[in-house]
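Note sheet for the following structure.
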Amino acid sequence: MSDFKSGFINIIGNPNVGKSTLMNALVGERLSIITSKAQTTRHRILGILNGEDFQMIYSDTPGIISNPQYKLQESMNKFVSGSLKDADVLIYVTDIFEYEEEEKRNLFLDKIASSDFTIPTYLVINKVDLDNKGKLDEVVDYWSQHGEFTEIIPISALEKFNLETLFDRLLEKLPVHPPYYDVDALTDKPERFFISEIIREKIFQNYTKEVPYSTQVEVESFNETEDKIYIQAIIFVERNSQKGIVIGKGGAALRKVGIAACKDAEQFLMKQVDLRLFVKVRDKWRSNTNDLKGFGYTE
C-alpha cells in the first residue's frame, strides 16, 4: 500500500462543454445526468474509480455562470470555487468551438492561469469528433497562448477518443496516499439523490424554455421490499402555470416523464421500481435561502 495513489480530480468549465459526459466516461458509470441544455448539473457529484494501486476521485461540477441571476446559481458557482481549493489535479474542459467565443472566458480560468496557481491543470478540448473544419491546431494554439497548463489534451468524451491518454496523465499526477473511500465505493451520494437526478433529467428532456430550470425534485419516500422499490417524488415548480405545463393535459406530460424516469431508475437500481410523481408549487425557491438549504445547495 506504500505506493498506493489516491486523490481528487476536479472537472470544471463553462456550461455545455461536456463535463458530465467526460466524468461518466472516465468512471465507467452514468452518474451525472446529461442533456443538450446548459446548466443541467447543479450539484458537485463525485465518481470514484478504484484500481489495484489507485483510487481516482473525480468531481463533476456545475457549469460556470458568469452573471448569476438567482441564489441557486450563486450556490452552483460556490461548488466550482470549492473544487479549486481541494483538487489534487484539475481538468478544465473546453470544446472545439468555445475559443471563438471570447466572452465566455471566466474568472475561474483567469485564476487557473495566474502565476500563483500551482495545482496540475489539464486543458481538455472536448468534442473533437465534431471538428469538420480542421480547426484543432488553431484551437490548441489559442489555448497555448491563454494559460500555463500542464498539458493540452484533445478528446471526445462521447466517442471515448484519447481518454486513455488523459487517464495516464492524471494517474501520473495523483499523489501517493491511502484511499479516501471504501474500495467498493462508486460515489458519495445516496441512491435517493440519483433518483431525483434521473427525474430531473427527464424534465429537461421533455419541457422547454424556463420550465426545466424552475423545477426541483425531492424524493419523499423510498421503500424497498424483496421484489420492488416504491418511490414517491415531488416535482417543485415556481408558479401555478408551470405546474399545469408539467402535468399536461389529462396528466399526459407527467406520465411520460414518470415512465422514462422509472425505466432508468430500474436500470440504476437493478430492481423493479414503482414510481409515483406529484407536482407542487414552491414560490421563488431558486432565490429562497431556506429552500436552497433544504434542497442541499447550501449549508
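Residue numbering restarts at 1 for every chain of the C-alpha cells, chains are lettered A, B, ... in their displayed order, and ligands are numbered from 1 as they appear.
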Margin query: Env of Arg42 in chain A: 9 Å cut, atoms = only C-alpha atoms, seq-sep filter 5 positions within chain, self excluded. Answer as number ranges by chain.
Written below: A: 61-63, 72-73, 75-76, 79, 297
May I have the selected residues written with C-alpha atoms, as a PDB file, in the first residue's frame?
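The result, stored in again-v1.pdb:
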```
ATOM      1  CA  THR A  61     -19.220  20.449 -11.111  1.00  0.00           C
ATOM      2  CA  PRO A  62     -21.910  22.803 -12.433  1.00  0.00           C
ATOM      3  CA  GLY A  63     -21.089  24.909 -15.465  1.00  0.00           C
ATOM      4  CA  LEU A  72     -29.294  28.944  -6.781  1.00  0.00           C
ATOM      5  CA  GLN A  73     -26.777  29.931  -9.468  1.00  0.00           C
ATOM      6  CA  SER A  75     -24.565  28.324  -4.924  1.00  0.00           C
ATOM      7  CA  MET A  76     -23.670  26.437  -8.099  1.00  0.00           C
ATOM      8  CA  PHE A  79     -19.381  24.345  -5.811  1.00  0.00           C
ATOM      9  CA  TYR A 297     -27.497  23.614  -2.264  1.00  0.00           C
TER      10      TYR A 297
END
```
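The residue set within 8 Å of Ile34 in chain A, counting only C-alpha atoms and dropping same-chain residues fewer than 2 places from it, reads A:Ser20, A:Thr21, A:Ser32, A:Ser36, A:Thr40, A:Glu201.
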Next item on the list: Can you work out the spacing between CA of Gln267 in chain A and CA of Thr35 in chain A in Å, to one decimal?
Entry: 18.2 Å
Next item on the list: Using backbone DSSP assignments, extract all strand (DSSP E or B) residues from range 65-279 of chain A; output them as a PyMOL selection string.
Entry: chain A and resi 89-95+121-126+151-154+156+161+176+216-224+228-237+272-279
So that I have them on file, write out the residues from the current selection with C-alpha atoms, as a tab-separated table (two decimals), in the first residue's frame.
```tsv
chain	number	residue	atom	x	y	z
A	89	VAL	CA	-5.40	17.58	-10.15
A	90	LEU	CA	-7.70	19.85	-12.15
A	91	ILE	CA	-9.32	19.32	-15.54
A	92	TYR	CA	-10.52	22.47	-17.28
A	93	VAL	CA	-12.89	21.39	-20.06
A	94	THR	CA	-13.48	23.48	-23.15
A	95	ASP	CA	-14.57	22.32	-26.60
A	121	THR	CA	-4.15	21.52	-14.61
A	122	TYR	CA	-5.00	19.78	-17.87
A	123	LEU	CA	-6.79	21.79	-20.52
A	124	VAL	CA	-9.07	19.30	-22.23
A	125	ILE	CA	-10.50	20.22	-25.63
A	126	ASN	CA	-13.67	18.14	-25.97
A	151	GLU	CA	-0.77	19.85	-20.94
A	152	ILE	CA	-3.45	20.43	-23.56
A	153	ILE	CA	-5.23	17.20	-24.50
A	154	PRO	CA	-7.83	16.94	-27.31
A	156	SER	CA	-14.03	13.22	-27.49
A	161	PHE	CA	-11.31	9.24	-28.06
A	176	VAL	CA	0.76	8.79	-3.04
A	216	GLN	CA	-36.54	20.88	-8.28
A	217	VAL	CA	-37.11	17.21	-7.47
A	218	GLU	CA	-37.26	15.77	-3.98
A	219	VAL	CA	-37.66	12.07	-3.21
A	220	GLU	CA	-40.27	11.98	-0.46
A	221	SER	CA	-40.20	8.24	0.25
A	222	PHE	CA	-38.00	5.31	-0.78
A	223	ASN	CA	-39.22	1.96	0.49
A	224	GLU	CA	-37.58	-1.27	-0.62
A	228	LYS	CA	-39.69	-3.93	-5.66
A	229	ILE	CA	-38.74	-0.40	-4.64
A	230	TYR	CA	-41.60	2.04	-4.04
A	231	ILE	CA	-40.64	5.66	-4.63
A	232	GLN	CA	-42.66	8.85	-4.26
A	233	ALA	CA	-41.15	12.08	-5.51
A	234	ILE	CA	-42.28	15.69	-5.63
A	235	ILE	CA	-41.51	17.99	-8.55
A	236	PHE	CA	-41.45	21.56	-7.26
A	237	VAL	CA	-42.13	24.45	-9.64
A	272	GLN	CA	-38.32	-3.23	-10.30
A	273	VAL	CA	-39.49	0.26	-9.37
A	274	ASP	CA	-42.92	1.69	-8.61
A	275	LEU	CA	-42.52	5.45	-9.14
A	276	ARG	CA	-45.20	7.99	-8.23
A	277	LEU	CA	-44.74	11.66	-9.12
A	278	PHE	CA	-46.51	14.69	-7.69
A	279	VAL	CA	-46.21	18.38	-8.59
```
Next item on the list: Determine the nearest neighbour of Asp264 in chain A from the options A:Ile48, A:Leu109, A:Ile198, A:Leu292, counting only C-alpha atoms.
Entry: A:Ile198
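Among A:His146, A:Lys71, A:Lys280, A:Lys263, the residue with the shortest atom-to-atom distance to Ile195 in chain A, counting only C-alpha atoms, is A:Lys263.
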Margin query: Can you tell me which residues surround range 5-9 of chain A at a distance of at most 8 Å, considering only C-alpha atoms, apart from same-chain residues fewer than 4 positions away, and format the answer as a PyMOL selection string?
Written below: chain A and resi 53-59+86-91+170-171+174-180
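CA of Ala253 in chain A to CA of Pro212 in chain A spans 13.1 Å [interatomic distance, one decimal].
Minimum distance to Glu172 in chain A across A:Thr215, A:Pro120, A:Phe204, A:Thr289 (counting only C-alpha atoms) occurs at A:Pro120.
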Note to self: as number ranges by chain, please: every residue in range 92-178 of chain A that DSSP puts in helix (DSSP H, G or I).
What the structure shows: A: 98-100, 102-104, 107-113, 128-130, 136-144, 163-173
Keeping only N, CA and C atoms, write the selected residues to a file as a short mmCIF file (atom, residue, chain, number, x, y, z; two decimals), in the first residue's frame.
```cif
data_model
loop_
_atom_site.label_atom_id
_atom_site.label_comp_id
_atom_site.auth_asym_id
_atom_site.auth_seq_id
_atom_site.Cartn_x
_atom_site.Cartn_y
_atom_site.Cartn_z
N GLU A 98 -15.43 26.68 -28.44
CA GLU A 98 -15.53 27.73 -27.44
C GLU A 98 -14.50 28.83 -27.59
N TYR A 99 -13.35 28.55 -28.17
CA TYR A 99 -12.31 29.58 -28.28
C TYR A 99 -12.77 30.76 -29.15
N GLU A 100 -13.80 30.53 -29.97
CA GLU A 100 -14.31 31.60 -30.82
C GLU A 100 -15.21 32.56 -30.06
N GLU A 102 -14.99 34.59 -27.08
CA GLU A 102 -14.11 35.17 -26.06
C GLU A 102 -14.89 35.62 -24.82
N GLU A 103 -16.16 35.98 -25.02
CA GLU A 103 -16.94 36.47 -23.88
C GLU A 103 -17.21 35.38 -22.86
N LYS A 104 -16.99 34.12 -23.25
CA LYS A 104 -17.23 33.02 -22.31
C LYS A 104 -16.07 32.84 -21.33
N LEU A 107 -13.72 34.12 -14.65
CA LEU A 107 -12.76 34.43 -13.60
C LEU A 107 -12.02 33.20 -13.12
N PHE A 108 -12.68 32.04 -13.18
CA PHE A 108 -12.03 30.81 -12.72
C PHE A 108 -10.86 30.46 -13.65
N LEU A 109 -11.06 30.66 -14.94
CA LEU A 109 -9.97 30.41 -15.89
C LEU A 109 -8.84 31.40 -15.67
N ASP A 110 -9.17 32.64 -15.37
CA ASP A 110 -8.14 33.64 -15.07
C ASP A 110 -7.34 33.23 -13.83
N LYS A 111 -8.03 32.69 -12.85
CA LYS A 111 -7.35 32.25 -11.63
C LYS A 111 -6.40 31.09 -11.92
N ILE A 112 -6.88 30.14 -12.73
CA ILE A 112 -6.04 28.99 -13.10
C ILE A 112 -4.79 29.46 -13.83
N ALA A 113 -4.96 30.47 -14.67
CA ALA A 113 -3.85 30.96 -15.49
C ALA A 113 -2.87 31.84 -14.71
N VAL A 128 -13.82 16.91 -30.23
CA VAL A 128 -13.00 16.99 -31.44
C VAL A 128 -13.58 16.13 -32.56
N ASP A 129 -14.51 15.23 -32.22
CA ASP A 129 -15.18 14.44 -33.26
C ASP A 129 -16.06 15.32 -34.15
N LEU A 130 -16.38 16.55 -33.67
CA LEU A 130 -17.21 17.47 -34.44
C LEU A 130 -16.38 18.49 -35.22
N LEU A 136 -8.52 22.07 -35.14
CA LEU A 136 -7.91 21.65 -33.88
C LEU A 136 -6.57 22.33 -33.62
N ASP A 137 -5.70 22.38 -34.63
CA ASP A 137 -4.39 23.02 -34.43
C ASP A 137 -4.55 24.49 -34.03
N GLU A 138 -5.53 25.14 -34.63
CA GLU A 138 -5.80 26.55 -34.32
C GLU A 138 -6.29 26.70 -32.88
N VAL A 139 -7.14 25.77 -32.45
CA VAL A 139 -7.68 25.81 -31.09
C VAL A 139 -6.57 25.55 -30.07
N VAL A 140 -5.74 24.55 -30.33
CA VAL A 140 -4.62 24.25 -29.43
C VAL A 140 -3.70 25.45 -29.32
N ASP A 141 -3.42 26.09 -30.43
CA ASP A 141 -2.55 27.28 -30.43
C ASP A 141 -3.17 28.40 -29.61
N TYR A 142 -4.48 28.58 -29.75
CA TYR A 142 -5.17 29.62 -28.99
C TYR A 142 -5.00 29.40 -27.49
N TRP A 143 -5.26 28.18 -27.03
CA TRP A 143 -5.19 27.91 -25.60
C TRP A 143 -3.76 27.92 -25.08
N SER A 144 -2.82 27.59 -25.94
CA SER A 144 -1.41 27.63 -25.54
C SER A 144 -0.99 29.05 -25.19
N LEU A 163 -9.14 9.13 -24.30
CA LEU A 163 -9.35 9.11 -22.85
C LEU A 163 -8.27 8.32 -22.14
N GLU A 164 -7.70 7.32 -22.81
CA GLU A 164 -6.60 6.56 -22.19
C GLU A 164 -5.39 7.47 -21.94
N THR A 165 -5.11 8.34 -22.89
CA THR A 165 -4.01 9.29 -22.70
C THR A 165 -4.29 10.21 -21.52
N LEU A 166 -5.51 10.73 -21.44
CA LEU A 166 -5.88 11.59 -20.33
C LEU A 166 -5.77 10.83 -19.01
N PHE A 167 -6.28 9.61 -18.98
CA PHE A 167 -6.21 8.79 -17.76
C PHE A 167 -4.76 8.62 -17.30
N ASP A 168 -3.88 8.28 -18.22
CA ASP A 168 -2.46 8.07 -17.88
C ASP A 168 -1.84 9.33 -17.29
N ARG A 169 -2.16 10.49 -17.87
CA ARG A 169 -1.60 11.74 -17.37
C ARG A 169 -2.12 12.05 -15.97
N LEU A 170 -3.39 11.80 -15.74
CA LEU A 170 -3.98 12.07 -14.44
C LEU A 170 -3.37 11.16 -13.37
N LEU A 171 -3.18 9.90 -13.71
CA LEU A 171 -2.62 8.94 -12.76
C LEU A 171 -1.18 9.33 -12.40
N GLU A 172 -0.45 9.84 -13.37
CA GLU A 172 0.93 10.29 -13.11
C GLU A 172 0.98 11.38 -12.03
N LYS A 173 -0.01 12.27 -12.06
CA LYS A 173 -0.01 13.41 -11.15
C LYS A 173 -0.69 13.12 -9.81
#
```
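Near Tyr207 in chain A, within a cut-off of 12 Å and counting only C-alpha atoms, sit the residues Thr35, Lys37, Arg200, Glu201, Lys202, Ile203, Phe204, Gln205, Lys209, Glu210, Val211, Pro212, Tyr213, Ser214, Thr215, Gln242, Lys243, Gly244, Ile245, Val246, Ile247, Gly248, Ala253, Leu254, Lys256 and Val257 of chain A, with same-chain residues fewer than 2 positions away left out.
Distance check against Val183 in chain A using only C-alpha atoms: of A:Leu49, A:Ile33, A:Ala38, A:Ile119, the minimum falls on A:Leu49.
Interatomic distance, CA of Asn290 in chain A against CA of Asn206 in chain A: 28.4 Å.
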